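Data from upload-v5.cif: mmCIF, C-alpha atoms
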```
data_data
loop_
_atom_site.group_PDB
_atom_site.id
_atom_site.type_symbol
_atom_site.label_atom_id
_atom_site.label_comp_id
_atom_site.auth_asym_id
_atom_site.auth_seq_id
_atom_site.Cartn_x
_atom_site.Cartn_y
_atom_site.Cartn_z
ATOM 1 C CA MET A 14 0.000 0.000 0.000
ATOM 2 C CA ASP A 15 1.480 3.381 -1.040
ATOM 3 C CA ARG A 16 1.852 6.307 1.355
ATOM 4 C CA PHE A 17 -1.231 8.134 0.105
ATOM 5 C CA HIS A 18 -3.511 5.170 0.734
ATOM 6 C CA SER A 19 -1.804 4.482 4.066
ATOM 7 C CA MET A 20 -2.577 8.022 5.214
ATOM 8 C CA GLN A 21 -6.139 7.751 3.922
ATOM 9 C CA LEU A 22 -6.603 4.483 5.771
ATOM 10 C CA PHE A 23 -5.066 5.816 8.987
ATOM 11 C CA THR A 24 -7.355 8.876 9.056
ATOM 12 C CA ARG A 25 -10.453 6.692 8.635
ATOM 13 C CA ILE A 26 -9.372 4.432 11.516
ATOM 14 C CA VAL A 27 -8.974 7.481 13.766
ATOM 15 C CA GLU A 28 -12.291 8.982 12.663
ATOM 16 C CA LEU A 29 -14.274 5.762 13.020
ATOM 17 C CA GLY A 30 -12.403 4.456 16.071
ATOM 18 C CA SER A 31 -12.254 0.969 14.587
ATOM 19 C CA PHE A 32 -10.120 -1.141 12.248
ATOM 20 C CA THR A 33 -13.182 -3.103 11.150
ATOM 21 C CA LYS A 34 -15.315 -0.037 10.386
ATOM 22 C CA ALA A 35 -12.453 1.556 8.440
ATOM 23 C CA ALA A 36 -11.976 -1.655 6.455
ATOM 24 C CA ASP A 37 -15.687 -1.763 5.614
ATOM 25 C CA ASP A 38 -15.731 1.936 4.736
ATOM 26 C CA LEU A 39 -12.814 1.583 2.313
ATOM 27 C CA HIS A 40 -13.835 -1.883 1.070
ATOM 28 C CA LEU A 41 -10.623 -3.511 2.247
ATOM 29 C CA PRO A 42 -9.985 -6.854 4.005
ATOM 30 C CA ARG A 43 -9.504 -6.495 7.763
ATOM 31 C CA ALA A 44 -6.116 -8.216 7.522
ATOM 32 C CA THR A 45 -4.944 -5.683 4.929
ATOM 33 C CA VAL A 46 -5.843 -2.818 7.254
ATOM 34 C CA THR A 47 -3.995 -4.340 10.193
ATOM 35 C CA HIS A 48 -0.899 -5.044 8.117
ATOM 36 C CA ALA A 49 -0.905 -1.547 6.586
ATOM 37 C CA VAL A 50 -0.978 0.115 10.009
ATOM 38 C CA GLN A 51 1.804 -2.129 11.281
ATOM 39 C CA GLN A 52 3.945 -1.184 8.268
ATOM 40 C CA LEU A 53 3.109 2.508 8.719
ATOM 41 C CA GLU A 54 4.137 2.453 12.394
ATOM 42 C CA LYS A 55 7.313 0.545 11.501
ATOM 43 C CA ARG A 56 8.239 3.069 8.805
ATOM 44 C CA LEU A 57 7.621 6.064 11.100
ATOM 45 C CA GLY A 58 9.187 4.413 14.141
ATOM 46 C CA VAL A 59 6.348 5.435 16.487
ATOM 47 C CA ARG A 60 3.166 3.936 17.861
ATOM 48 C CA LEU A 61 0.220 5.716 16.264
ATOM 49 C CA LEU A 62 -2.792 3.905 17.688
ATOM 50 C CA GLN A 63 -3.831 2.682 21.119
ATOM 51 C CA ARG A 64 -5.893 -0.482 20.772
ATOM 52 C CA THR A 65 -8.414 -1.870 23.243
ATOM 53 C CA THR A 66 -10.981 -4.631 22.812
ATOM 54 C CA ARG A 67 -13.712 -2.092 22.037
ATOM 55 C CA HIS A 68 -12.073 0.996 20.624
ATOM 56 C CA VAL A 69 -9.055 2.350 18.788
ATOM 57 C CA SER A 70 -7.742 5.826 19.621
ATOM 58 C CA PRO A 71 -4.668 7.771 18.501
ATOM 59 C CA THR A 72 -1.621 8.150 20.706
ATOM 60 C CA GLN A 73 -0.123 11.609 21.139
ATOM 61 C CA ASP A 74 2.085 10.960 18.104
ATOM 62 C CA GLY A 75 -0.922 9.524 16.292
ATOM 63 C CA SER A 76 -2.989 12.682 16.893
ATOM 64 C CA ALA A 77 -0.190 14.860 15.519
ATOM 65 C CA TYR A 78 0.218 12.587 12.483
ATOM 66 C CA TYR A 79 -3.571 12.573 11.913
ATOM 67 C CA GLU A 80 -3.713 16.387 11.714
ATOM 68 C CA ARG A 81 -0.853 16.443 9.204
ATOM 69 C CA CYS A 82 -2.473 13.700 7.144
ATOM 70 C CA LEU A 83 -5.700 15.719 6.908
ATOM 71 C CA ARG A 84 -3.846 18.752 5.593
ATOM 72 C CA LEU A 85 -1.843 16.706 3.084
ATOM 73 C CA LEU A 86 -4.852 14.773 1.788
ATOM 74 C CA THR A 87 -6.877 17.971 1.373
ATOM 75 C CA ASP A 88 -3.984 19.724 -0.405
ATOM 76 C CA LEU A 89 -3.531 16.733 -2.704
ATOM 77 C CA GLU A 90 -7.194 16.640 -3.684
ATOM 78 C CA GLU A 91 -7.151 20.390 -4.357
ATOM 79 C CA ALA A 92 -3.958 20.094 -6.408
ATOM 80 C CA GLU A 93 -5.414 17.307 -8.519
ATOM 81 C CA SER A 94 -8.593 19.305 -9.105
ATOM 82 C CA ALA A 95 -6.506 22.105 -10.598
ATOM 83 C CA PHE A 96 -4.728 19.864 -13.106
ATOM 84 C CA VAL A 97 -7.082 17.048 -14.078
ATOM 85 C CA ASN A 98 -10.302 19.089 -14.163
ATOM 86 C CA VAL A 99 -11.788 17.370 -11.098
ATOM 87 C CA GLY A 100 -13.076 20.772 -10.017
ATOM 88 C CA SER A 101 -15.608 20.852 -12.847
ATOM 89 C CA LYS A 102 -16.112 17.092 -13.082
ATOM 90 C CA PRO A 103 -15.670 15.760 -9.532
ATOM 91 C CA ARG A 104 -16.126 12.067 -8.953
ATOM 92 C CA GLY A 105 -16.484 9.560 -6.138
ATOM 93 C CA LYS A 106 -18.792 8.887 -3.194
ATOM 94 C CA LEU A 107 -20.315 11.725 -1.180
ATOM 95 C CA ARG A 108 -22.059 10.982 2.122
ATOM 96 C CA VAL A 109 -24.672 13.554 3.154
ATOM 97 C CA ASP A 110 -27.319 13.744 5.874
ATOM 98 C CA LEU A 111 -30.361 15.869 5.041
ATOM 99 C CA HIS A 112 -33.192 17.292 7.104
ATOM 100 C CA GLY A 113 -36.038 14.955 6.115
ATOM 101 C CA THR A 114 -38.883 17.328 5.247
ATOM 102 C CA LEU A 115 -36.596 19.803 3.488
ATOM 103 C CA ALA A 116 -35.087 17.026 1.400
ATOM 104 C CA LYS A 117 -38.471 15.581 0.415
ATOM 105 C CA HIS A 118 -39.982 18.967 -0.419
ATOM 106 C CA PHE A 119 -37.120 20.855 -2.082
ATOM 107 C CA LEU A 120 -34.113 18.676 -2.939
ATOM 108 C CA LEU A 121 -35.153 15.137 -3.852
ATOM 109 C CA PRO A 122 -37.756 16.200 -6.460
ATOM 110 C CA VAL A 123 -34.939 17.861 -8.464
ATOM 111 C CA ILE A 124 -32.025 15.578 -7.520
ATOM 112 C CA GLY A 125 -31.812 14.442 -11.136
ATOM 113 C CA GLN A 126 -30.519 17.908 -12.040
ATOM 114 C CA PHE A 127 -27.518 17.345 -9.767
ATOM 115 C CA PHE A 128 -26.608 14.092 -11.511
ATOM 116 C CA GLU A 129 -26.999 15.715 -14.926
ATOM 117 C CA ARG A 130 -24.251 18.122 -13.892
ATOM 118 C CA TYR A 131 -22.118 15.636 -11.953
ATOM 119 C CA PRO A 132 -22.753 12.112 -13.263
ATOM 120 C CA ASP A 133 -19.571 10.713 -11.684
ATOM 121 C CA ILE A 134 -20.601 11.523 -8.100
ATOM 122 C CA GLU A 135 -22.319 8.782 -6.091
ATOM 123 C CA LEU A 136 -24.554 10.165 -3.330
ATOM 124 C CA GLU A 137 -25.226 8.260 -0.121
ATOM 125 C CA ILE A 138 -28.128 10.107 1.545
ATOM 126 C CA GLY A 139 -29.260 9.793 5.141
ATOM 127 C CA MET A 140 -32.277 11.727 6.387
ATOM 128 C CA GLY A 141 -33.229 12.930 9.834
ATOM 129 C CA ASP A 142 -32.585 15.743 12.268
ATOM 130 C CA ARG A 143 -30.454 14.022 14.878
ATOM 131 C CA LEU A 144 -27.030 15.228 15.913
ATOM 132 C CA VAL A 145 -24.559 13.634 13.522
ATOM 133 C CA ASP A 146 -20.865 13.203 14.340
ATOM 134 C CA LEU A 147 -19.657 14.012 10.842
ATOM 135 C CA VAL A 148 -16.081 12.908 11.410
ATOM 136 C CA ARG A 149 -16.758 9.653 13.280
ATOM 137 C CA GLU A 150 -19.646 8.644 11.008
ATOM 138 C CA GLY A 151 -17.795 9.558 7.844
ATOM 139 C CA VAL A 152 -20.445 12.076 6.725
ATOM 140 C CA ASP A 153 -19.227 14.807 4.372
ATOM 141 C CA CYS A 154 -21.946 17.396 5.051
ATOM 142 C CA VAL A 155 -25.386 17.849 6.629
ATOM 143 C CA LEU A 156 -28.371 20.106 5.945
ATOM 144 C CA ARG A 157 -29.974 21.447 9.117
ATOM 145 C CA VAL A 158 -32.526 24.026 10.249
ATOM 146 C CA GLY A 159 -32.298 26.447 13.178
ATOM 147 C CA GLU A 160 -29.601 28.642 14.631
ATOM 148 C CA LEU A 161 -26.200 27.000 14.617
ATOM 149 C CA ALA A 162 -24.651 26.024 17.924
ATOM 150 C CA GLU A 163 -20.977 26.628 18.613
ATOM 151 C CA SER A 164 -19.125 24.083 16.535
ATOM 152 C CA SER A 165 -15.829 23.306 14.836
ATOM 153 C CA MET A 166 -17.832 22.719 11.645
ATOM 154 C CA VAL A 167 -17.971 25.179 8.771
ATOM 155 C CA GLY A 168 -21.521 26.505 8.330
ATOM 156 C CA ARG A 169 -23.046 28.100 5.237
ATOM 157 C CA ARG A 170 -26.553 29.561 5.427
ATOM 158 C CA VAL A 171 -28.572 28.650 2.343
ATOM 159 C CA ALA A 172 -32.122 29.852 3.129
ATOM 160 C CA LEU A 173 -34.453 31.680 5.510
ATOM 161 C CA LEU A 174 -37.887 30.058 5.749
ATOM 162 C CA GLU A 175 -41.029 31.976 6.704
ATOM 163 C CA GLN A 176 -42.705 30.450 9.781
ATOM 164 C CA VAL A 177 -46.374 30.381 10.721
ATOM 165 C CA THR A 178 -48.368 29.618 13.859
ATOM 166 C CA CYS A 179 -51.535 27.656 13.205
ATOM 167 C CA ALA A 180 -54.213 25.318 14.548
ATOM 168 C CA SER A 181 -57.011 23.300 13.019
ATOM 169 C CA ARG A 182 -60.271 25.019 12.118
ATOM 170 C CA GLU A 183 -62.128 22.700 14.529
ATOM 171 C CA TYR A 184 -59.769 23.529 17.416
ATOM 172 C CA LEU A 185 -60.290 27.258 16.895
ATOM 173 C CA ALA A 186 -64.067 26.854 16.633
ATOM 174 C CA LYS A 187 -64.064 25.088 19.999
ATOM 175 C CA HIS A 188 -61.458 27.113 21.909
ATOM 176 C CA GLY A 189 -61.509 30.518 20.194
ATOM 177 C CA MET A 190 -59.103 32.579 18.077
ATOM 178 C CA PRO A 191 -56.360 34.324 20.111
ATOM 179 C CA ASP A 192 -55.690 37.914 19.010
ATOM 180 C CA THR A 193 -52.645 38.596 21.208
ATOM 181 C CA VAL A 194 -49.619 36.593 22.291
ATOM 182 C CA GLU A 195 -50.850 36.836 25.903
ATOM 183 C CA ALA A 196 -54.186 35.282 24.917
ATOM 184 C CA LEU A 197 -52.335 32.252 23.553
ATOM 185 C CA ARG A 198 -51.275 31.192 27.045
ATOM 186 C CA GLY A 199 -54.640 29.662 27.844
ATOM 187 C CA HIS A 200 -54.484 27.378 24.811
ATOM 188 C CA ARG A 201 -52.988 23.934 24.139
ATOM 189 C CA ALA A 202 -50.123 23.005 21.857
ATOM 190 C CA VAL A 203 -48.548 20.071 20.125
ATOM 191 C CA ASN A 204 -45.030 20.382 21.484
ATOM 192 C CA PHE A 205 -41.910 19.596 19.454
ATOM 193 C CA LEU A 206 -38.955 18.147 21.345
ATOM 194 C CA SER A 207 -35.476 19.445 20.566
ATOM 195 C CA SER A 208 -33.080 16.793 19.264
ATOM 196 C CA ARG A 209 -30.314 18.632 21.119
ATOM 197 C CA THR A 210 -31.859 19.038 24.590
ATOM 198 C CA GLY A 211 -34.875 16.719 24.595
ATOM 199 C CA LYS A 212 -37.026 19.606 25.887
ATOM 200 C CA ALA A 213 -40.088 21.140 24.252
ATOM 201 C CA LEU A 214 -39.240 24.071 21.990
ATOM 202 C CA PRO A 215 -40.997 27.316 22.956
ATOM 203 C CA PHE A 216 -43.235 29.228 20.550
ATOM 204 C CA ASP A 217 -41.511 32.356 19.308
ATOM 205 C CA PHE A 218 -43.115 35.669 18.253
ATOM 206 C CA ILE A 219 -41.818 39.083 17.200
ATOM 207 C CA VAL A 220 -43.660 41.751 19.213
ATOM 208 C CA ASP A 221 -42.670 45.413 18.779
ATOM 209 C CA GLY A 222 -39.442 44.313 17.125
ATOM 210 C CA ALA A 223 -38.383 42.010 19.974
ATOM 211 C CA SER A 224 -38.545 38.246 20.301
ATOM 212 C CA ARG A 225 -41.008 36.883 22.828
ATOM 213 C CA GLN A 226 -41.142 33.203 23.727
ATOM 214 C CA VAL A 227 -44.145 31.332 25.085
ATOM 215 C CA GLN A 228 -44.185 27.792 26.482
ATOM 216 C CA LEU A 229 -47.571 26.085 26.090
ATOM 217 C CA LYS A 230 -48.960 22.992 27.761
ATOM 218 C CA GLY A 231 -50.114 20.099 25.634
ATOM 219 C CA SER A 232 -51.236 16.494 25.644
ATOM 220 C CA VAL A 233 -48.637 15.253 23.152
ATOM 221 C CA SER A 234 -45.004 15.938 22.299
ATOM 222 C CA VAL A 235 -43.294 14.712 19.139
ATOM 223 C CA THR A 236 -39.872 14.539 17.515
ATOM 224 C CA ASP A 237 -41.024 14.157 13.901
ATOM 225 C CA ALA A 238 -42.198 16.971 11.613
ATOM 226 C CA ASP A 239 -44.899 14.900 9.921
ATOM 227 C CA ALA A 240 -46.247 13.746 13.282
ATOM 228 C CA TYR A 241 -46.262 17.385 14.400
ATOM 229 C CA LYS A 242 -48.496 18.352 11.490
ATOM 230 C CA VAL A 243 -50.788 15.320 11.834
ATOM 231 C CA CYS A 244 -51.389 15.974 15.538
ATOM 232 C CA CYS A 245 -52.287 19.579 14.761
ATOM 233 C CA ALA A 246 -54.772 18.393 12.138
ATOM 234 C CA ALA A 247 -56.209 16.090 14.826
ATOM 235 C CA HIS A 248 -57.235 19.238 16.775
ATOM 236 C CA LEU A 249 -54.672 18.850 19.586
ATOM 237 C CA GLY A 250 -53.521 22.458 19.569
ATOM 238 C CA PHE A 251 -51.141 24.969 18.021
ATOM 239 C CA ILE A 252 -47.933 24.305 16.129
ATOM 240 C CA GLN A 253 -45.284 26.613 14.673
ATOM 241 C CA VAL A 254 -43.509 25.516 11.485
ATOM 242 C CA PRO A 255 -42.136 26.809 8.171
ATOM 243 C CA ARG A 256 -45.013 27.752 5.878
ATOM 244 C CA TYR A 257 -43.979 25.394 3.046
ATOM 245 C CA HIS A 258 -44.702 22.382 5.260
ATOM 246 C CA LEU A 259 -48.385 23.347 5.644
ATOM 247 C CA ALA A 260 -49.070 25.169 2.388
ATOM 248 C CA ALA A 261 -51.670 22.685 1.126
ATOM 249 C CA GLN A 262 -53.588 22.543 4.440
ATOM 250 C CA LEU A 263 -53.554 26.323 4.817
ATOM 251 C CA GLU A 264 -54.854 26.779 1.284
ATOM 252 C CA ALA A 265 -57.587 24.162 1.860
ATOM 253 C CA GLY A 266 -58.563 25.825 5.143
ATOM 254 C CA THR A 267 -58.198 22.713 7.308
ATOM 255 C CA LEU A 268 -55.428 24.541 9.195
ATOM 256 C CA VAL A 269 -55.657 28.257 9.958
ATOM 257 C CA GLU A 270 -52.834 30.720 10.572
ATOM 258 C CA VAL A 271 -53.117 32.762 13.777
ATOM 259 C CA LEU A 272 -51.271 35.805 15.134
ATOM 260 C CA ALA A 273 -49.983 36.634 11.647
ATOM 261 C CA GLN A 274 -49.124 40.136 12.902
ATOM 262 C CA PHE A 275 -46.614 38.571 15.336
ATOM 263 C CA LYS A 276 -44.838 36.132 13.021
ATOM 264 C CA PRO A 277 -41.782 34.357 14.431
ATOM 265 C CA ALA A 278 -38.387 35.138 12.950
ATOM 266 C CA PRO A 279 -37.595 33.232 9.745
ATOM 267 C CA MET A 280 -35.975 29.846 10.295
ATOM 268 C CA PRO A 281 -32.384 29.631 8.993
ATOM 269 C CA VAL A 282 -31.280 26.636 6.920
ATOM 270 C CA SER A 283 -27.577 25.816 6.788
ATOM 271 C CA VAL A 284 -25.149 23.294 5.365
ATOM 272 C CA LEU A 285 -22.436 22.108 7.761
ATOM 273 C CA TYR A 286 -19.240 20.265 6.892
ATOM 274 C CA PRO A 287 -15.928 19.482 8.615
ATOM 275 C CA HIS A 288 -13.327 22.195 8.304
ATOM 276 C CA HIS A 289 -10.758 19.891 6.744
ATOM 277 C CA ARG A 290 -13.164 18.996 3.913
ATOM 278 C CA GLN A 291 -13.990 22.552 2.904
ATOM 279 C CA LEU A 292 -11.846 22.301 -0.257
ATOM 280 C CA SER A 293 -13.177 18.946 -1.436
ATOM 281 C CA PRO A 294 -14.574 19.420 -4.974
ATOM 282 C CA ARG A 295 -17.369 16.924 -4.273
ATOM 283 C CA VAL A 296 -18.490 18.794 -1.144
ATOM 284 C CA ARG A 297 -18.094 22.147 -2.850
ATOM 285 C CA VAL A 298 -20.315 21.368 -5.844
ATOM 286 C CA PHE A 299 -22.975 19.695 -3.674
ATOM 287 C CA VAL A 300 -23.122 22.624 -1.252
ATOM 288 C CA ASP A 301 -23.327 25.061 -4.176
ATOM 289 C CA TRP A 302 -26.169 23.030 -5.710
ATOM 290 C CA VAL A 303 -28.088 22.897 -2.405
ATOM 291 C CA ALA A 304 -27.614 26.644 -1.954
ATOM 292 C CA ASP A 305 -28.966 27.260 -5.462
ATOM 293 C CA VAL A 306 -32.049 25.077 -4.917
ATOM 294 C CA MET A 307 -32.746 26.457 -1.452
ATOM 295 C CA SER A 308 -32.360 30.074 -2.604
ATOM 296 C CA HIS A 309 -35.863 29.729 -4.084
ATOM 297 C CA ALA A 310 -37.333 28.284 -0.872
ATOM 298 C CA ARG A 311 -39.758 30.380 1.147
#
```

Translate this file's structure into structure tokens.
Amino acid sequence: MDRFHSMQLFTRIVELGSFTKAADDLHLPRATVTHAVQQLEKRLGVRLLQRTTRHVSPTQDGSAYYERCLRLLTDLEEAESAFVNVGSKPRGKLRVDLHGTLAKHFLLPVIGQFFERYPDIELEIGMGDRLVDLVREGVDCVLRVGELAESSMVGRRVALLEQVTCASREYLAKHGMPDTVEALRGHRAVNFLSSRTGKALPFDFIVDGASRQVQLKGSVSVTDADAYKVCCAAHLGFIQVPRYHLAAQLEAGTLVEVLAQFKPAPMPVSVLYPHHRQLSPRVRVFVDWVADVMSHAR
């Protein structure tokens, strides 16, 4: 195994914390991986990895070597893109994790356009809204909604989505239409649980130019956007979501927008990717394509 592939293999072992997972990820026999690391450590004259029965972690020398490998591998990919036209015709596998409802509504219906431009890229798409360890799980980038937490990831905002507060027509007929944020406090809600904290997200409103948050009681809490909408349609209370997700129900009148004069702030949509992959041509063209598609989202 040449030095380039040895470095590539070593970085995947560190990121995945496992010889077996790295072998599977790179489609190599487990014995080949073990032998390659042994030869790498012999050539460098240092121990790079600390092995236990359950996990593999880098030694101090291994951590230093890992950081240098990342820089070299990124520089090599960028250099090749400049000379063999990989920048305009990137190739290879790209692992992405997309926010489920955004992907189904905006991206997947036009995904064929991406492959028309970049037929040599193979996409592996996961969907959800859980916290993804991009490095350990080998994910190249994720699409997420909401304000970004402090992170070592590079974030690029690609859209701002209008949000609405609404309830079913039947719920409002039974419990009344609130005309102020204060009047909302006596009502019920379908609460959405944060994937980060596990707590119910508050309802947010802009009143006199300032954000005001309200926590409402409810009979049900959910972690899925479709379940959120279905429970609202089942007359269980208010929800607050991007308008695109309820456009059909709002137009049909089965769900009704309330407190339109106190709309919440638009919801940001961002693409996140590891800092060391910011120059990857595959990541770059995918992020640019997502940004282009999402620039038309409202």

Any chance you could resolve the PyMOL selection byres ((chain A and resi 19) around 10) against this file and give the residues as number ranges by chain? A: 14-18, 20-24, 46, 49-50, 52-53, 82

Could you state the separation of atom CA of Thr236 of chain A and atom CA of Gly250 of chain A in Å, given to one decimal place?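 Separating atom CA of Thr236 of chain A from atom CA of Gly250 of chain A is a distance of 15.9 Å.
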
When the PyMOL selection byres ((chain A and resi 215-222) around 8) is applied to the structure above, which residues does it catch, written out as a PDB file with C-alpha atoms, in the frame of the given file?
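Here's the written file part-v3.pdb:
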```pdb
ATOM      1  CA  VAL A 194     -49.619  36.593  22.291  1.00  0.00           C
ATOM      2  CA  ALA A 213     -40.088  21.140  24.252  1.00  0.00           C
ATOM      3  CA  LEU A 214     -39.240  24.071  21.990  1.00  0.00           C
ATOM      4  CA  ALA A 223     -38.383  42.010  19.974  1.00  0.00           C
ATOM      5  CA  SER A 224     -38.545  38.246  20.301  1.00  0.00           C
ATOM      6  CA  ARG A 225     -41.008  36.883  22.828  1.00  0.00           C
ATOM      7  CA  GLN A 226     -41.142  33.203  23.727  1.00  0.00           C
ATOM      8  CA  VAL A 227     -44.145  31.332  25.085  1.00  0.00           C
ATOM      9  CA  GLN A 228     -44.185  27.792  26.482  1.00  0.00           C
ATOM     10  CA  LEU A 229     -47.571  26.085  26.090  1.00  0.00           C
ATOM     11  CA  GLN A 253     -45.284  26.613  14.673  1.00  0.00           C
ATOM     12  CA  PHE A 275     -46.614  38.571  15.336  1.00  0.00           C
ATOM     13  CA  LYS A 276     -44.838  36.132  13.021  1.00  0.00           C
ATOM     14  CA  PRO A 277     -41.782  34.357  14.431  1.00  0.00           C
ATOM     15  CA  ALA A 278     -38.387  35.138  12.950  1.00  0.00           C
TER      16      ALA A 278
END
```

For segment 209-307 of chain A against segment 120-129 of chain A, with a cut-off of 9 Å and counting only C-alpha atoms, what is the closest atom pair and its distance in Å to one decimal for every residue that makes the cut, ordered by chain and number, as a tab-separated table?
```
residue	atom	partner	partner_atom	distance
A:Phe299	CA	A:Phe127	CA	8.0
A:Trp302	CA	A:Phe127	CA	7.1
A:Val303	CA	A:Leu120	CA	7.4
A:Val306	CA	A:Leu120	CA	7.0
A:Met307	CA	A:Leu120	CA	8.0
```

Can you tell me which residues surround Ala310 of chain A at a distance of at most 9 Å, considering only C-alpha atoms, apart from same-chain residues fewer than 5 positions away, and format the answer as a PyMOL selection string? chain A and resi 119+172-174+257

Select, from A:His112, A:Arg43, A:Lys34, A:Arg169, the residue with the minimum atom-to-atom distance to Arg297 of chain A, counting all atoms listed in the file. A:Arg169

To one decimal place in Å, what is the distance between atom CA of His118 of chain A and atom CA of Tyr286 of chain A?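 Interatomic distance here is 22.0 Å.
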
I need the residue set behind the PyMOL selection byres ((chain A and resi 199) around 12) for this file; please write it as a PyMOL selection string. chain A and resi 188-191+193-198+200-202+227-231+250-251

For the residues in the current selection, export C-alpha atoms as an mmCIF file, in the coordinates of the input.
```cif
data_model
loop_
_atom_site.group_PDB
_atom_site.id
_atom_site.type_symbol
_atom_site.label_atom_id
_atom_site.label_comp_id
_atom_site.auth_asym_id
_atom_site.auth_seq_id
_atom_site.Cartn_x
_atom_site.Cartn_y
_atom_site.Cartn_z
ATOM 1 C CA HIS A 188 -61.458 27.113 21.909
ATOM 2 C CA GLY A 189 -61.509 30.518 20.194
ATOM 3 C CA MET A 190 -59.103 32.579 18.077
ATOM 4 C CA PRO A 191 -56.360 34.324 20.111
ATOM 5 C CA THR A 193 -52.645 38.596 21.208
ATOM 6 C CA VAL A 194 -49.619 36.593 22.291
ATOM 7 C CA GLU A 195 -50.850 36.836 25.903
ATOM 8 C CA ALA A 196 -54.186 35.282 24.917
ATOM 9 C CA LEU A 197 -52.335 32.252 23.553
ATOM 10 C CA ARG A 198 -51.275 31.192 27.045
ATOM 11 C CA HIS A 200 -54.484 27.378 24.811
ATOM 12 C CA ARG A 201 -52.988 23.934 24.139
ATOM 13 C CA ALA A 202 -50.123 23.005 21.857
ATOM 14 C CA VAL A 227 -44.145 31.332 25.085
ATOM 15 C CA GLN A 228 -44.185 27.792 26.482
ATOM 16 C CA LEU A 229 -47.571 26.085 26.090
ATOM 17 C CA LYS A 230 -48.960 22.992 27.761
ATOM 18 C CA GLY A 231 -50.114 20.099 25.634
ATOM 19 C CA GLY A 250 -53.521 22.458 19.569
ATOM 20 C CA PHE A 251 -51.141 24.969 18.021
#
```
